[in-house]
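Asker: Below you will find the structure I want to go over with you.
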Amino acid sequence: MRDDRLYTFHPRIVAVMSAGMGLSLIAVFGVIWFRLSEDARDTFSWFQRLTLLAFFGAILWILYRMTTLRVSAYPDRLRVRNVFKSYTLPWDRVTALRFRPGDAWLQLFDADGNRLGILAVQAAEGARASKAAKELAAVARSRGAGPRSTPGT
């Protein structure tokens, strides 16, 4: 499979913080569990153990998704990976990208007027995020993204 990406951006700060939190969580839970006496560990039923593991797994999954946030531009589409959902939009459906001072992350507006937050490009990244927003907007314009004029206007 060939990689025809024109542009990709991954946030560094969020990835480092999420990875650090995940490793810390594993260490803390591991130390607590193994520091408990065997008698104390035996008081947990299998259901309680599975519940703890499921909760622990859900937190680690969310942190994993946060470490893998990204936005990728391809010749025919834009691919956005957020925490809970990924989106793929053809360029003709993208009408605007907006990242104004005070915005938490890059905003994408589609042809139906929906707004989608692109979490990969966040204000926490500072100048790096501003540069990424400008570069992504340039790619979008070069691929035909932008406001659509309607007949008669």
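Starting from 1 in every chain, residues are counted up; chains themselves are A, B, ... following the order of the structure tokens, and ligands are numbered from 1 as listed.
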Set the distance at 9 Å and use only C-alpha atoms: which residues neighbour Ile118 in chain A once local chain neighbours fewer than 3 positions away are removed? I'd like the list as a compact mmCIF listing (two decimals) with C-alpha atoms, in the first residue's frame.

Answerer:
```
# COMPACT_ATOMS: atom_id res chain seq x y z
CA LEU A 69 -4.61 12.13 17.44
CA ARG A 70 -3.79 13.26 13.92
CA VAL A 71 -5.00 14.98 10.80
CA VAL A 80 -9.22 13.34 11.00
CA ARG A 81 -8.58 11.05 13.96
CA ASN A 82 -10.09 12.40 17.17
CA TRP A 105 -8.43 23.57 18.49
CA LEU A 106 -8.81 23.85 14.74
CA GLN A 107 -12.42 23.99 13.55
CA LEU A 108 -13.55 22.44 10.28
CA VAL A 121 -4.27 20.91 16.05
CA GLN A 122 -4.69 22.43 19.51
```

Asker: Name all residues at most 7 Å from Pro90 in chain A (count only C-alpha atoms; drop same-chain ones fewer than 4 positions away) and give them as a list in words.

Answerer: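 Returned residues: Asp76, Arg77 and Leu78 of chain A.
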
Asker: Mind writing the picked residues with N, CA, C and O atoms as a compact mmCIF listing (two decimals), in the first residue's frame?

Answerer:
```txt
# COMPACT_ATOMS: atom_id res chain seq x y z
N ASP A 76 -7.31 13.43 -2.39
CA ASP A 76 -8.75 13.45 -2.60
C ASP A 76 -9.59 13.61 -1.32
O ASP A 76 -10.80 13.71 -1.39
N ARG A 77 -8.94 13.65 -0.15
CA ARG A 77 -9.72 13.67 1.10
C ARG A 77 -8.89 14.18 2.27
O ARG A 77 -7.67 14.26 2.20
N LEU A 78 -9.62 14.47 3.34
CA LEU A 78 -9.01 14.86 4.61
C LEU A 78 -9.42 13.80 5.63
O LEU A 78 -10.60 13.44 5.73
```

Asker: Give me, as JSON lines, the closest atom pair and its distance (Å, one decimal) for every residue of range 54-118 of chain A within a cut-off of 6 Å of range 129-145 of chain A, counting only C-alpha atoms, rows sorted by chain and rising number.

Answerer:
```
{"residue": "A:Trp91", "atom": "CA", "partner": "A:Ala145", "partner_atom": "CA", "distance": 5.2}
{"residue": "A:Asp92", "atom": "CA", "partner": "A:Ala145", "partner_atom": "CA", "distance": 5.5}
{"residue": "A:Val94", "atom": "CA", "partner": "A:Ala145", "partner_atom": "CA", "distance": 5.3}
{"residue": "A:Thr95", "atom": "CA", "partner": "A:Ala145", "partner_atom": "CA", "distance": 5.7}
```

Asker: Determine which residues of range 6-149 of chain A DSSP labels as alpha helix (DSSP H) from the backbone of this structure, then write them out as a ChimeraX atom specification.

Answerer: /A:12-35,38-42,46-67,127-142

Asker: Report the residues of chain A whose backbone DSSP state falls under strand (DSSP E or B), written as a VMD selection string.

Answerer: chain A and resid 7 to 9 70 to 73 77 to 81 86 to 90 94 to 98 105 to 110 115 to 122

Asker: With a cut-off of 12 Å, could you pull out the residues of range 85-139 of chain A touching range 45-67 of chain A and give me the nearest pair of atoms for each, distance in Å to one decimal, using only C-alpha atoms, ordered by chain and ascending number, as a tab-separated table?

Answerer:
```
residue	atom	partner	partner_atom	distance
A:Lys85	CA	A:Arg65	CA	9.5
A:Ser86	CA	A:Arg65	CA	10.4
A:Leu119	CA	A:Met66	CA	9.0
A:Ala120	CA	A:Met66	CA	8.9
```

Asker: Using only C-alpha atoms, find the one residue out of A:Leu116, A:Thr68, A:Arg98, A:Pro11 that sits nearest to Arg128 in chain A.

Answerer: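 Using only C-alpha atoms, Arg128 in chain A sits closest to A:Pro11.
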
Asker: Quick one: distance from CA of Gly146 in chain A to CA of Phe84 in chain A in Å, one decimal?

Answerer: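 We find that CA of Gly146 in chain A and CA of Phe84 in chain A lie 26.3 Å from each other.
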